[in-house]
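Have a look at input07.cif below; it lists mmCIF, C-alpha atoms.
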data_model
#
loop_
_atom_site.group_PDB
_atom_site.id
_atom_site.type_symbol
_atom_site.label_atom_id
_atom_site.label_comp_id
_atom_site.auth_asym_id
_atom_site.auth_seq_id
_atom_site.Cartn_x
_atom_site.Cartn_y
_atom_site.Cartn_z
ATOM 1 C CA MET U 269 -6.161 18.323 4.352
ATOM 2 C CA LEU U 270 -5.866 21.421 2.203
ATOM 3 C CA GLN U 271 -2.683 22.214 4.110
ATOM 4 C CA VAL U 272 -1.320 18.775 3.160
ATOM 5 C CA ALA U 273 -1.954 19.477 -0.520
ATOM 6 C CA LYS U 274 -0.370 22.919 -0.171
ATOM 7 C CA ASN U 275 2.748 21.500 1.488
ATOM 8 C CA ILE U 276 3.083 18.806 -1.174
ATOM 9 C CA TYR U 277 3.045 21.449 -3.888
ATOM 10 C CA GLN U 278 5.272 23.921 -2.045
ATOM 11 C CA TYR U 279 7.904 21.340 -1.149
ATOM 12 C CA ARG U 280 7.579 19.182 -4.259
ATOM 13 C CA GLU U 281 11.211 19.744 -5.249
ATOM 14 C CA LEU U 282 12.449 18.751 -1.799
ATOM 15 C CA ILE U 283 10.302 15.605 -1.871
ATOM 16 C CA SER U 284 11.623 14.619 -5.307
ATOM 17 C CA GLU U 285 15.245 15.259 -4.286
ATOM 18 C CA LEU U 286 14.935 13.246 -1.079
ATOM 19 C CA ALA U 287 13.162 10.436 -2.933
ATOM 20 C CA TRP U 288 15.911 10.317 -5.552
ATOM 21 C CA LYS U 289 18.551 10.280 -2.790
ATOM 22 C CA ASN U 290 16.777 7.346 -1.124
ATOM 23 C CA ILE U 291 16.737 5.387 -4.373
ATOM 24 C CA ILE U 292 20.425 6.056 -5.042
ATOM 25 C CA VAL U 293 21.470 5.117 -1.505
ATOM 26 C CA ARG U 294 19.295 1.990 -1.467
ATOM 27 C CA TYR U 295 20.712 0.518 -4.683
ATOM 28 C CA LYS U 296 24.128 2.198 -4.945
ATOM 29 C CA GLN U 297 26.222 -0.831 -3.928
ATOM 30 C CA SER U 298 23.661 -3.468 -4.864
ATOM 31 C CA TYR U 299 24.688 -5.881 -7.618
ATOM 32 C CA LEU U 300 21.129 -6.396 -8.861
ATOM 33 C CA GLY U 301 20.175 -2.772 -8.264
ATOM 34 C CA ILE U 302 16.574 -1.838 -8.958
ATOM 35 C CA VAL U 303 15.791 -5.476 -9.833
ATOM 36 C CA TRP U 304 15.255 -6.026 -6.112
ATOM 37 C CA ALA U 305 12.122 -3.894 -6.445
ATOM 38 C CA VAL U 306 10.336 -6.681 -8.309
ATOM 39 C CA LEU U 307 11.995 -9.720 -6.762
ATOM 40 C CA LYS U 308 9.789 -9.585 -3.666
ATOM 41 C CA PRO U 309 6.407 -9.751 -5.472
ATOM 42 C CA LEU U 310 7.806 -12.308 -7.926
ATOM 43 C CA MET U 311 9.032 -14.596 -5.146
ATOM 44 C CA LEU U 312 5.763 -14.251 -3.229
ATOM 45 C CA MET U 313 3.855 -15.035 -6.422
ATOM 46 C CA LEU U 314 5.860 -18.237 -6.878
ATOM 47 C CA ILE U 315 5.296 -19.261 -3.259
ATOM 48 C CA PHE U 316 1.545 -18.599 -3.450
ATOM 49 C CA THR U 317 1.337 -20.489 -6.740
ATOM 50 C CA LEU U 318 3.035 -23.468 -5.118
ATOM 51 C CA VAL U 319 0.672 -23.339 -2.128
ATOM 52 C CA ARG U 320 -2.317 -23.042 -4.446
ATOM 53 C CA SER U 321 -1.302 -26.262 -6.211
ATOM 54 C CA PHE U 322 -1.928 -28.097 -2.914
ATOM 55 C CA VAL U 323 -4.876 -26.112 -1.561
ATOM 56 C CA GLY U 324 -6.826 -25.335 -4.723
ATOM 57 C CA ILE U 325 -8.184 -21.801 -5.157
ATOM 58 C CA GLU U 326 -10.735 -20.965 -7.835
ATOM 59 C CA THR U 327 -9.711 -18.137 -10.172
ATOM 60 C CA GLY U 328 -11.959 -18.811 -13.160
ATOM 61 C CA ASP U 329 -10.391 -18.184 -16.556
ATOM 62 C CA ILE U 330 -7.632 -15.965 -15.203
ATOM 63 C CA PRO U 331 -4.242 -17.675 -14.678
ATOM 64 C CA TYR U 332 -3.402 -17.757 -10.978
ATOM 65 C CA PRO U 333 0.188 -16.394 -11.290
ATOM 66 C CA VAL U 334 -0.835 -13.198 -13.056
ATOM 67 C CA LEU U 335 -3.865 -12.736 -10.785
ATOM 68 C CA THR U 336 -1.684 -13.062 -7.687
ATOM 69 C CA PHE U 337 1.049 -10.802 -9.042
ATOM 70 C CA ALA U 338 -1.587 -8.143 -9.724
ATOM 71 C CA ALA U 339 -2.762 -8.470 -6.112
ATOM 72 C CA LEU U 340 0.798 -8.197 -4.821
ATOM 73 C CA ILE U 341 1.511 -4.929 -6.653
ATOM 74 C CA PRO U 342 -0.824 -2.724 -4.556
ATOM 75 C CA TRP U 343 -0.163 -4.830 -1.455
ATOM 76 C CA VAL U 344 3.660 -4.510 -1.604
ATOM 77 C CA PHE U 345 3.324 -0.805 -2.410
ATOM 78 C CA PHE U 346 1.069 -0.289 0.627
ATOM 79 C CA GLN U 347 3.188 -2.452 2.904
ATOM 80 C CA GLU U 348 6.531 -0.872 2.045
ATOM 81 C CA SER U 349 5.172 2.697 1.869
ATOM 82 C CA THR U 350 3.752 2.238 5.354
ATOM 83 C CA SER U 351 6.892 0.598 6.745
ATOM 84 C CA GLU U 352 9.190 3.256 5.284
ATOM 85 C CA GLY U 353 6.801 6.029 6.291
ATOM 86 C CA VAL U 354 6.685 4.972 9.938
ATOM 87 C CA ILE U 355 10.481 5.092 10.309
ATOM 88 C CA SER U 356 10.929 8.096 8.005
ATOM 89 C CA VAL U 357 11.113 10.662 10.813
ATOM 90 C CA THR U 358 13.535 8.800 13.077
ATOM 91 C CA SER U 359 15.780 7.868 10.150
ATOM 92 C CA ASN U 360 16.145 11.561 9.243
ATOM 93 C CA ALA U 361 17.008 12.766 12.743
ATOM 94 C CA PRO U 362 20.081 14.828 11.689
ATOM 95 C CA LEU U 363 18.044 16.741 9.134
ATOM 96 C CA ILE U 364 15.264 17.410 11.640
ATOM 97 C CA LYS U 365 17.712 18.939 14.112
ATOM 98 C CA LYS U 366 19.298 21.269 11.541
ATOM 99 C CA ILE U 367 16.437 22.919 9.668
ATOM 100 C CA TYR U 368 12.677 23.264 9.825
ATOM 101 C CA PHE U 369 10.223 22.337 7.111
ATOM 102 C CA PRO U 370 6.897 20.467 7.339
ATOM 103 C CA ARG U 371 7.750 17.039 8.716
ATOM 104 C CA GLU U 372 5.090 15.324 6.636
ATOM 105 C CA VAL U 373 7.641 15.615 3.834
ATOM 106 C CA PHE U 374 9.307 12.474 5.221
ATOM 107 C CA PRO U 375 6.328 10.055 4.931
ATOM 108 C CA LEU U 376 5.558 11.583 1.542
ATOM 109 C CA THR U 377 9.146 11.026 0.421
ATOM 110 C CA ALA U 378 8.986 7.384 1.500
ATOM 111 C CA MET U 379 5.878 6.961 -0.620
ATOM 112 C CA ALA U 380 7.402 8.728 -3.623
ATOM 113 C CA THR U 381 10.327 6.301 -3.465
ATOM 114 C CA LYS U 382 7.961 3.342 -3.617
ATOM 115 C CA LEU U 383 6.106 4.845 -6.578
ATOM 116 C CA VAL U 384 9.218 4.273 -8.692
ATOM 117 C CA GLU U 385 9.225 0.601 -7.730
ATOM 118 C CA LEU U 386 5.474 0.426 -8.379
ATOM 119 C CA VAL U 387 5.971 1.580 -11.969
ATOM 120 C CA ILE U 388 8.580 -1.153 -12.505
ATOM 121 C CA SER U 389 6.188 -3.788 -11.123
ATOM 122 C CA LEU U 390 3.449 -2.545 -13.452
ATOM 123 C CA ALA U 391 5.823 -3.000 -16.386
ATOM 124 C CA ILE U 392 6.459 -6.611 -15.297
ATOM 125 C CA LEU U 393 2.702 -7.152 -14.995
ATOM 126 C CA ALA U 394 2.216 -5.844 -18.544
ATOM 127 C CA ILE U 395 4.754 -8.410 -19.791
ATOM 128 C CA MET U 396 2.952 -11.197 -17.927
ATOM 129 C CA MET U 397 -0.412 -10.115 -19.346
ATOM 130 C CA GLY U 398 1.078 -10.229 -22.830
ATOM 131 C CA TYR U 399 2.399 -13.722 -22.174
ATOM 132 C CA TYR U 400 -1.049 -14.942 -21.082
ATOM 133 C CA HIS U 401 -2.790 -12.987 -23.882
ATOM 134 C CA LEU U 402 -4.739 -10.807 -21.473
ATOM 135 C CA LEU U 403 -5.728 -7.403 -22.822
ATOM 136 C CA PRO U 404 -6.943 -4.637 -20.496
ATOM 137 C CA SER U 405 -10.144 -2.791 -21.332
ATOM 138 C CA ILE U 406 -11.129 0.857 -20.966
ATOM 139 C CA TYR U 407 -11.700 0.176 -17.269
ATOM 140 C CA ALA U 408 -7.922 0.054 -16.797
ATOM 141 C CA LEU U 409 -8.131 3.857 -16.640
ATOM 142 C CA TRP U 410 -9.278 3.342 -13.041
ATOM 143 C CA ILE U 411 -5.729 2.276 -12.103
ATOM 144 C CA PRO U 412 -4.447 5.786 -11.158
ATOM 145 C CA ALA U 413 -7.465 6.339 -8.890
ATOM 146 C CA ILE U 414 -6.958 2.951 -7.217
ATOM 147 C CA ILE U 415 -3.272 3.710 -6.637
ATOM 148 C CA ALA U 416 -4.181 7.125 -5.220
ATOM 149 C CA TYR U 417 -6.549 5.410 -2.791
ATOM 150 C CA ALA U 418 -3.742 3.041 -1.746
ATOM 151 C CA MET U 419 -1.481 6.055 -1.181
ATOM 152 C CA ILE U 420 -4.042 7.729 1.070
ATOM 153 C CA ALA U 421 -4.528 4.508 3.043
ATOM 154 C CA ALA U 422 -0.765 4.166 3.530
ATOM 155 C CA LEU U 423 -0.412 7.805 4.596
ATOM 156 C CA THR U 424 -3.163 7.369 7.172
ATOM 157 C CA ILE U 425 -1.043 4.777 8.968
ATOM 158 C CA SER U 426 2.279 6.487 8.207
ATOM 159 C CA PHE U 427 1.365 9.825 9.793
ATOM 160 C CA PHE U 428 0.176 8.266 13.027
ATOM 161 C CA GLY U 429 2.883 5.602 13.146
ATOM 162 C CA ALA U 430 5.752 7.986 12.307
ATOM 163 C CA ALA U 431 4.776 10.381 15.098
ATOM 164 C CA LEU U 432 4.308 7.578 17.625
ATOM 165 C CA ASN U 433 7.575 5.908 16.613
ATOM 166 C CA VAL U 434 9.528 9.003 17.662
ATOM 167 C CA TYR U 435 8.424 8.420 21.255
ATOM 168 C CA TYR U 436 8.039 4.629 21.250
ATOM 169 C CA ARG U 437 10.470 2.799 18.971
ATOM 170 C CA ASP U 438 8.548 -0.442 19.522
ATOM 171 C CA ILE U 439 6.145 0.733 16.811
ATOM 172 C CA ALA U 440 8.697 0.089 14.074
ATOM 173 C CA GLN U 441 9.297 -3.403 15.472
ATOM 174 C CA ALA U 442 5.610 -4.307 15.802
ATOM 175 C CA LEU U 443 4.497 -2.932 12.437
ATOM 176 C CA PRO U 444 5.969 -5.735 10.244
ATOM 177 C CA VAL U 445 4.124 -8.304 12.369
ATOM 178 C CA GLY U 446 0.860 -6.418 12.023
ATOM 179 C CA LEU U 447 1.279 -6.005 8.282
ATOM 180 C CA SER U 448 2.089 -9.696 7.853
ATOM 181 C CA LEU U 449 -1.155 -10.595 9.622
ATOM 182 C CA LEU U 450 -3.031 -8.037 7.526
ATOM 183 C CA MET U 451 -1.809 -9.706 4.328
ATOM 184 C CA TYR U 452 -3.703 -12.877 5.224
ATOM 185 C CA GLY U 453 -6.761 -10.752 5.941
ATOM 186 C CA SER U 454 -6.520 -9.273 2.430
ATOM 187 C CA PRO U 455 -7.395 -10.957 -0.892
ATOM 188 C CA VAL U 456 -3.774 -11.485 -1.951
ATOM 189 C CA MET U 457 -3.442 -15.256 -1.987
ATOM 190 C CA TYR U 458 -7.138 -15.727 -2.715
ATOM 191 C CA PRO U 459 -9.633 -13.516 -4.609
ATOM 192 C CA LEU U 460 -12.278 -11.424 -2.859
ATOM 193 C CA ALA U 461 -14.888 -13.289 -4.911
ATOM 194 C CA LEU U 462 -14.115 -16.379 -2.830
ATOM 195 C CA VAL U 463 -14.833 -14.509 0.421
ATOM 196 C CA HIS U 464 -18.024 -13.074 -1.095
ATOM 197 C CA LYS U 465 -19.124 -16.529 -2.187
ATOM 198 C CA LYS U 466 -18.543 -18.084 1.243
ATOM 199 C CA LEU U 467 -20.073 -15.312 3.333
ATOM 200 C CA ILE U 468 -22.709 -13.656 1.143
ATOM 201 C CA VAL U 469 -23.828 -16.425 -1.210
ATOM 202 C CA GLU U 470 -23.379 -19.515 0.936
ATOM 203 C CA GLN U 471 -23.855 -17.741 4.297
ATOM 204 C CA ALA U 472 -21.084 -19.913 5.753
ATOM 205 C CA ALA U 473 -21.113 -18.038 9.090
ATOM 206 C CA GLY U 474 -24.887 -18.091 9.447
ATOM 207 C CA GLU U 475 -26.512 -14.894 10.647
ATOM 208 C CA TRP U 476 -23.076 -13.319 11.105
ATOM 209 C CA SER U 477 -22.098 -13.761 7.452
ATOM 210 C CA ASN U 478 -23.104 -10.300 6.193
ATOM 211 C CA THR U 479 -21.580 -8.592 9.221
ATOM 212 C CA LEU U 480 -18.315 -10.489 8.841
ATOM 213 C CA TYR U 481 -18.117 -9.560 5.164
ATOM 214 C CA THR U 482 -18.590 -5.881 6.030
ATOM 215 C CA ILE U 483 -15.871 -6.147 8.682
ATOM 216 C CA TYR U 484 -13.605 -7.823 6.129
ATOM 217 C CA THR U 485 -14.118 -4.999 3.631
ATOM 218 C CA LEU U 486 -13.287 -2.413 6.307
ATOM 219 C CA ASN U 487 -9.746 -3.374 5.400
ATOM 220 C CA PRO U 488 -9.031 -0.864 2.580
ATOM 221 C CA LEU U 489 -6.741 -3.373 0.861
ATOM 222 C CA ALA U 490 -9.701 -5.686 0.239
ATOM 223 C CA GLY U 491 -11.378 -3.191 -2.079
ATOM 224 C CA ILE U 492 -8.103 -1.897 -3.527
ATOM 225 C CA ILE U 493 -6.775 -5.317 -4.546
ATOM 226 C CA ASP U 494 -10.128 -6.543 -5.834
ATOM 227 C CA SER U 495 -10.628 -3.361 -7.884
ATOM 228 C CA PHE U 496 -7.109 -3.640 -9.288
ATOM 229 C CA GLN U 497 -7.868 -7.144 -10.538
ATOM 230 C CA ARG U 498 -11.375 -6.356 -11.807
ATOM 231 C CA VAL U 499 -10.360 -3.433 -14.010
ATOM 232 C CA LEU U 500 -7.384 -5.280 -15.483
ATOM 233 C CA PHE U 501 -8.655 -8.816 -16.018
ATOM 234 C CA LYS U 502 -12.430 -8.926 -15.740
ATOM 235 C CA ASN U 503 -13.255 -5.877 -17.891
ATOM 236 C CA LEU U 504 -15.427 -4.572 -15.061
ATOM 237 C CA PRO U 505 -15.468 -1.335 -13.064
ATOM 238 C CA PRO U 506 -14.459 -1.446 -9.382
ATOM 239 C CA ASP U 507 -16.907 -3.061 -6.970
ATOM 240 C CA PHE U 508 -17.933 0.003 -4.979
ATOM 241 C CA ASN U 509 -19.741 -2.124 -2.411
ATOM 242 C CA ALA U 510 -16.343 -3.576 -1.512
ATOM 243 C CA LEU U 511 -14.656 -0.158 -1.611
ATOM 244 C CA TYR U 512 -17.069 1.917 0.464
ATOM 245 C CA PRO U 513 -16.480 0.450 3.969
ATOM 246 C CA GLY U 514 -12.698 0.860 3.809
ATOM 247 C CA ALA U 515 -12.922 4.259 2.112
ATOM 248 C CA ILE U 516 -15.286 5.600 4.778
ATOM 249 C CA LEU U 517 -12.936 4.325 7.494
ATOM 250 C CA ILE U 518 -9.903 5.986 5.868
ATOM 251 C CA VAL U 519 -11.723 9.296 5.333
ATOM 252 C CA ALA U 520 -12.753 9.276 8.983
ATOM 253 C CA ILE U 521 -9.288 8.451 10.371
ATOM 254 C CA LEU U 522 -6.948 10.411 8.060
ATOM 255 C CA PRO U 523 -7.687 13.922 9.463
ATOM 256 C CA PHE U 524 -7.081 12.718 13.032
ATOM 257 C CA SER U 525 -3.911 10.905 11.990
ATOM 258 C CA TYR U 526 -2.559 14.032 10.322
ATOM 259 C CA LEU U 527 -3.595 16.241 13.263
ATOM 260 C CA PHE U 528 -1.820 13.902 15.668
ATOM 261 C CA PHE U 529 1.309 14.058 13.501
ATOM 262 C CA LYS U 530 1.271 17.884 13.356
ATOM 263 C CA ARG U 531 0.770 18.178 17.110
ATOM 264 C CA ALA U 532 3.584 15.732 17.826
ATOM 265 C CA GLU U 533 6.065 17.316 15.374
ATOM 266 C CA ASN U 534 6.563 20.313 17.722
ATOM 267 C CA TRP U 535 8.710 18.087 19.959
ATOM 268 C CA PHE U 536 10.384 15.877 17.329
ATOM 269 C CA ALA U 537 13.712 17.720 17.496
ATOM 270 C CA ASP U 538 13.774 17.526 21.311
ATOM 271 C CA VAL U 539 12.842 13.853 21.641
ATOM 272 C CA ILE U 540 14.552 12.303 18.651
#
Go ahead and express the file in the form of structure tokens.
Amino acid sequence: MLQVAKNIYQYRELISELAWKNIIVRYKQSYLGIVWAVLKPLMLMLIFTLVRSFVGIETGDIPYPVLTFAALIPWVFFQESTSEGVISVTSNAPLIKKIYFPREVFPLTAMATKLVELVISLAILAIMMGYYHLLPSIYALWIPAIIAYAMIAALTISFFGAALNVYYRDIAQALPVGLSLLMYGSPVMYPLALVHKKLIVEQAAGEWSNTLYTIYTLNPLAGIIDSFQRVLFKNLPPDFNALYPGAILIVAILPFSYLFFKRAENWFADVI
């Protein structure tokens, strides 16, 4: 992991240049340009709001649209960072065959590209909070740490998936399906408080309730999204009980994911 940090610093200029190139290429001939970066969470927010009008989801005093948009910001960042990271090696095949540098630069570049879009989404969220007269408290200073956690979670999947996708291109096809299913297992459309109420307070699953809640929070996005909402709207610090299971899982898997990537990169140029 120290080697990862060293490579990020040593190749920081290359990462920034590749990220800027990706942004330019992505939006060069697009009429709406960078606006597409926020259209996805906005459209999903509108769809979820419409569904909520039929289903009925408790959100307390916080308006549902802004609560959902805040949930979609870390989710879309994680989803697209992971998707771009998994295909980042195969999509840069010509560069891999010409020159050597640490191949983890590619997943990191994919993530750096999405950070630009994340900042734009945060600006839209700030406008929405102003519209609903919601003021963040001092706990909003947790936001960089929460985003960093989301980055680490995305890299954990990206390293393993990018290496595997070089040998089995089915990974890139299966990943969107898996991420779509994961979204419904994350508190995006509904708050984590609702899951806690059903499983911990009401014991809806009987003797399995506590175990199921722990399994649910093994999904890192559960704690990330809930923390994002808590520090912005509820004037509360992150719920560490919801963060710990997923964080422990990520800390345990990340070194093996990176090791697998580094072992596999020796044959990238031959296989790709």
Inset, instruction - Kindly indicate which residue among U:Ala408, U:Ile518, U:Leu480, U:Ala338 lies nearest to Pro505 (chain U), using all atoms listed in the file for the distances. - result: U:Ala408
Inset, instruction - Report as a list of chain:residue names the full result of the PyMOL selection byres ((chain U and resi 452-464) around 7) when it is applied to this structure. - result: U:Phe316, U:Ile325, U:Thr336, U:Ala339, U:Leu340, U:Leu449, U:Leu450, U:Met451, U:Lys465, U:Lys466, U:Leu467, U:Ile468, U:Val469, U:Leu489, U:Ala490, U:Ile493, U:Asp494
Legend entry - Top pick for closest residue to Leu386 (chain U), considering U:Glu372, U:Glu326, U:Glu348, U:Glu470 and counting all atoms listed in the file: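 So, comparing all the options, the nearest one is U:Glu348.
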Inset, instruction - May I ask for the distance between CA of Ile355 (chain U) and CA of Arg280 (chain U), given in Å to one decimal place? - result: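 Atom-to-atom, CA of Ile355 (chain U) to CA of Arg280 (chain U), that is 20.5 Å.
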Inset, instruction - Find the spatial neighbours of Leu310 (chain U), counting only C-alpha atoms, within a cut-off of 8 Å - ignore same-chain residues fewer than 4 positions away - and output them as a list in words. - result: Val306, Leu314 and Phe337 of chain U
Legend entry - Atomic separation - CA of Pro370 (chain U) relative to CA of Phe528 (chain U), Å: 13.7 Å
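Of the listed residues (U:Ala537, U:Ala287, U:Ile521, U:Leu270), U:Ala287 comes nearest to Thr381 (chain U); the distances count only C-alpha atoms.
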Legend entry - Residues selected by the PyMOL selection byres ((chain U and resi 433) around 12), written as a VMD selection string: chain U and resid 351 to 359 425 to 432 434 to 443 529 532 to 533 536 539 to 540
Inset, instruction - Could you jot down the CA of Met396 (chain U) to CA of Gln497 (chain U) separation for me, Å, one decimal place? - result: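 The value is 13.7 Å.
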Could you produce a table of the residues of region 419-504 of chain U lying within 12 Å of region 398-403 of chain U, with the nearest pair of atoms per residue and their separation in Å rounded to one decimal, using all atoms listed in the file, ordered by chain and increasing residue number, as a tab-separated table?
residue	atom	partner	partner_atom	distance
U:Gln497	CA	U:Leu402	CA	11.9
U:Val499	CA	U:Leu403	CA	10.7
U:Leu500	CA	U:Leu403	CA	7.8
U:Phe501	CA	U:Leu402	CA	7.0
U:Lys502	CA	U:Leu402	CA	9.8
U:Asn503	CA	U:Leu403	CA	9.1
Could you rebuild region 431-453 of chain U with N, CA, C and O atoms and give it back as a PDB file, in the frame of the given file?
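See selection24.pdb below for the written result:
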ATOM      1  N   ALA U 431       4.764   9.530  13.906  1.00  0.00           N
ATOM      2  CA  ALA U 431       4.776  10.381  15.098  1.00  0.00           C
ATOM      3  C   ALA U 431       4.947   9.542  16.358  1.00  0.00           C
ATOM      4  O   ALA U 431       5.737   9.875  17.252  1.00  0.00           O
ATOM      5  N   LEU U 432       4.238   8.427  16.438  1.00  0.00           N
ATOM      6  CA  LEU U 432       4.308   7.578  17.625  1.00  0.00           C
ATOM      7  C   LEU U 432       5.670   6.906  17.745  1.00  0.00           C
ATOM      8  O   LEU U 432       6.182   6.701  18.858  1.00  0.00           O
ATOM      9  N   ASN U 433       6.287   6.597  16.596  1.00  0.00           N
ATOM     10  CA  ASN U 433       7.575   5.908  16.613  1.00  0.00           C
ATOM     11  C   ASN U 433       8.694   6.790  17.151  1.00  0.00           C
ATOM     12  O   ASN U 433       9.714   6.276  17.623  1.00  0.00           O
ATOM     13  N   VAL U 434       8.530   8.099  17.095  1.00  0.00           N
ATOM     14  CA  VAL U 434       9.528   9.003  17.662  1.00  0.00           C
ATOM     15  C   VAL U 434       9.617   8.801  19.168  1.00  0.00           C
ATOM     16  O   VAL U 434      10.699   8.849  19.761  1.00  0.00           O
ATOM     17  N   TYR U 435       8.483   8.555  19.803  1.00  0.00           N
ATOM     18  CA  TYR U 435       8.424   8.420  21.255  1.00  0.00           C
ATOM     19  C   TYR U 435       8.533   6.965  21.711  1.00  0.00           C
ATOM     20  O   TYR U 435       9.049   6.694  22.791  1.00  0.00           O
ATOM     21  N   TYR U 436       8.023   6.053  20.891  1.00  0.00           N
ATOM     22  CA  TYR U 436       8.039   4.629  21.250  1.00  0.00           C
ATOM     23  C   TYR U 436       8.582   3.838  20.055  1.00  0.00           C
ATOM     24  O   TYR U 436       7.836   3.551  19.117  1.00  0.00           O
ATOM     25  N   ARG U 437       9.846   3.466  20.104  1.00  0.00           N
ATOM     26  CA  ARG U 437      10.470   2.799  18.971  1.00  0.00           C
ATOM     27  C   ARG U 437       9.953   1.375  18.756  1.00  0.00           C
ATOM     28  O   ARG U 437      10.275   0.745  17.762  1.00  0.00           O
ATOM     29  N   ASP U 438       9.140   0.887  19.700  1.00  0.00           N
ATOM     30  CA  ASP U 438       8.548  -0.442  19.522  1.00  0.00           C
ATOM     31  C   ASP U 438       7.610  -0.480  18.319  1.00  0.00           C
ATOM     32  O   ASP U 438       7.337  -1.558  17.774  1.00  0.00           O
ATOM     33  N   ILE U 439       7.090   0.685  17.928  1.00  0.00           N
ATOM     34  CA  ILE U 439       6.145   0.733  16.811  1.00  0.00           C
ATOM     35  C   ILE U 439       6.775   0.176  15.545  1.00  0.00           C
ATOM     36  O   ILE U 439       6.171  -0.619  14.823  1.00  0.00           O
ATOM     37  N   ALA U 440       8.011   0.565  15.287  1.00  0.00           N
ATOM     38  CA  ALA U 440       8.697   0.089  14.074  1.00  0.00           C
ATOM     39  C   ALA U 440       8.934  -1.410  14.124  1.00  0.00           C
ATOM     40  O   ALA U 440       8.990  -2.064  13.078  1.00  0.00           O
ATOM     41  N   GLN U 441       9.078  -1.965  15.341  1.00  0.00           N
ATOM     42  CA  GLN U 441       9.297  -3.403  15.472  1.00  0.00           C
ATOM     43  C   GLN U 441       7.993  -4.183  15.329  1.00  0.00           C
ATOM     44  O   GLN U 441       7.964  -5.295  14.789  1.00  0.00           O
ATOM     45  N   ALA U 442       6.902  -3.612  15.819  1.00  0.00           N
ATOM     46  CA  ALA U 442       5.610  -4.307  15.802  1.00  0.00           C
ATOM     47  C   ALA U 442       4.915  -4.207  14.447  1.00  0.00           C
ATOM     48  O   ALA U 442       4.124  -5.096  14.097  1.00  0.00           O
ATOM     49  N   LEU U 443       5.204  -3.151  13.691  1.00  0.00           N
ATOM     50  CA  LEU U 443       4.497  -2.932  12.437  1.00  0.00           C
ATOM     51  C   LEU U 443       4.648  -4.074  11.441  1.00  0.00           C
ATOM     52  O   LEU U 443       3.650  -4.499  10.844  1.00  0.00           O
ATOM     53  N   PRO U 444       5.858  -4.618  11.206  1.00  0.00           N
ATOM     54  CA  PRO U 444       5.969  -5.735  10.244  1.00  0.00           C
ATOM     55  C   PRO U 444       5.100  -6.934  10.621  1.00  0.00           C
ATOM     56  O   PRO U 444       4.546  -7.597   9.736  1.00  0.00           O
ATOM     57  N   VAL U 445       4.969  -7.195  11.924  1.00  0.00           N
ATOM     58  CA  VAL U 445       4.124  -8.304  12.369  1.00  0.00           C
ATOM     59  C   VAL U 445       2.671  -8.019  12.034  1.00  0.00           C
ATOM     60  O   VAL U 445       1.953  -8.879  11.500  1.00  0.00           O
ATOM     61  N   GLY U 446       2.230  -6.791  12.325  1.00  0.00           N
ATOM     62  CA  GLY U 446       0.860  -6.418  12.023  1.00  0.00           C
ATOM     63  C   GLY U 446       0.548  -6.456  10.542  1.00  0.00           C
ATOM     64  O   GLY U 446      -0.519  -6.930  10.134  1.00  0.00           O
ATOM     65  N   LEU U 447       1.484  -5.996   9.724  1.00  0.00           N
ATOM     66  CA  LEU U 447       1.279  -6.005   8.282  1.00  0.00           C
ATOM     67  C   LEU U 447       1.273  -7.425   7.722  1.00  0.00           C
ATOM     68  O   LEU U 447       0.533  -7.716   6.776  1.00  0.00           O
ATOM     69  N   SER U 448       2.088  -8.298   8.300  1.00  0.00           N
ATOM     70  CA  SER U 448       2.089  -9.696   7.853  1.00  0.00           C
ATOM     71  C   SER U 448       0.739 -10.352   8.130  1.00  0.00           C
ATOM     72  O   SER U 448       0.210 -11.097   7.296  1.00  0.00           O
ATOM     73  N   LEU U 449       0.169 -10.063   9.294  1.00  0.00           N
ATOM     74  CA  LEU U 449      -1.155 -10.595   9.622  1.00  0.00           C
ATOM     75  C   LEU U 449      -2.216  -9.994   8.710  1.00  0.00           C
ATOM     76  O   LEU U 449      -3.155 -10.682   8.285  1.00  0.00           O
ATOM     77  N   LEU U 450      -2.062  -8.701   8.392  1.00  0.00           N
ATOM     78  CA  LEU U 450      -3.031  -8.037   7.526  1.00  0.00           C
ATOM     79  C   LEU U 450      -3.034  -8.637   6.126  1.00  0.00           C
ATOM     80  O   LEU U 450      -4.073  -8.659   5.461  1.00  0.00           O
ATOM     81  N   MET U 451      -1.883  -9.120   5.664  1.00  0.00           N
ATOM     82  CA  MET U 451      -1.809  -9.706   4.328  1.00  0.00           C
ATOM     83  C   MET U 451      -2.749 -10.903   4.207  1.00  0.00           C
ATOM     84  O   MET U 451      -3.390 -11.105   3.179  1.00  0.00           O
ATOM     85  N   TYR U 452      -2.827 -11.710   5.276  1.00  0.00           N
ATOM     86  CA  TYR U 452      -3.703 -12.877   5.224  1.00  0.00           C
ATOM     87  C   TYR U 452      -5.167 -12.495   5.414  1.00  0.00           C
ATOM     88  O   TYR U 452      -6.057 -13.306   5.151  1.00  0.00           O
ATOM     89  N   GLY U 453      -5.401 -11.265   5.869  1.00  0.00           N
ATOM     90  CA  GLY U 453      -6.761 -10.752   5.941  1.00  0.00           C
ATOM     91  C   GLY U 453      -7.123  -9.917   4.729  1.00  0.00           C
ATOM     92  O   GLY U 453      -8.122  -9.209   4.731  1.00  0.00           O
TER      93      GLY U 453
END
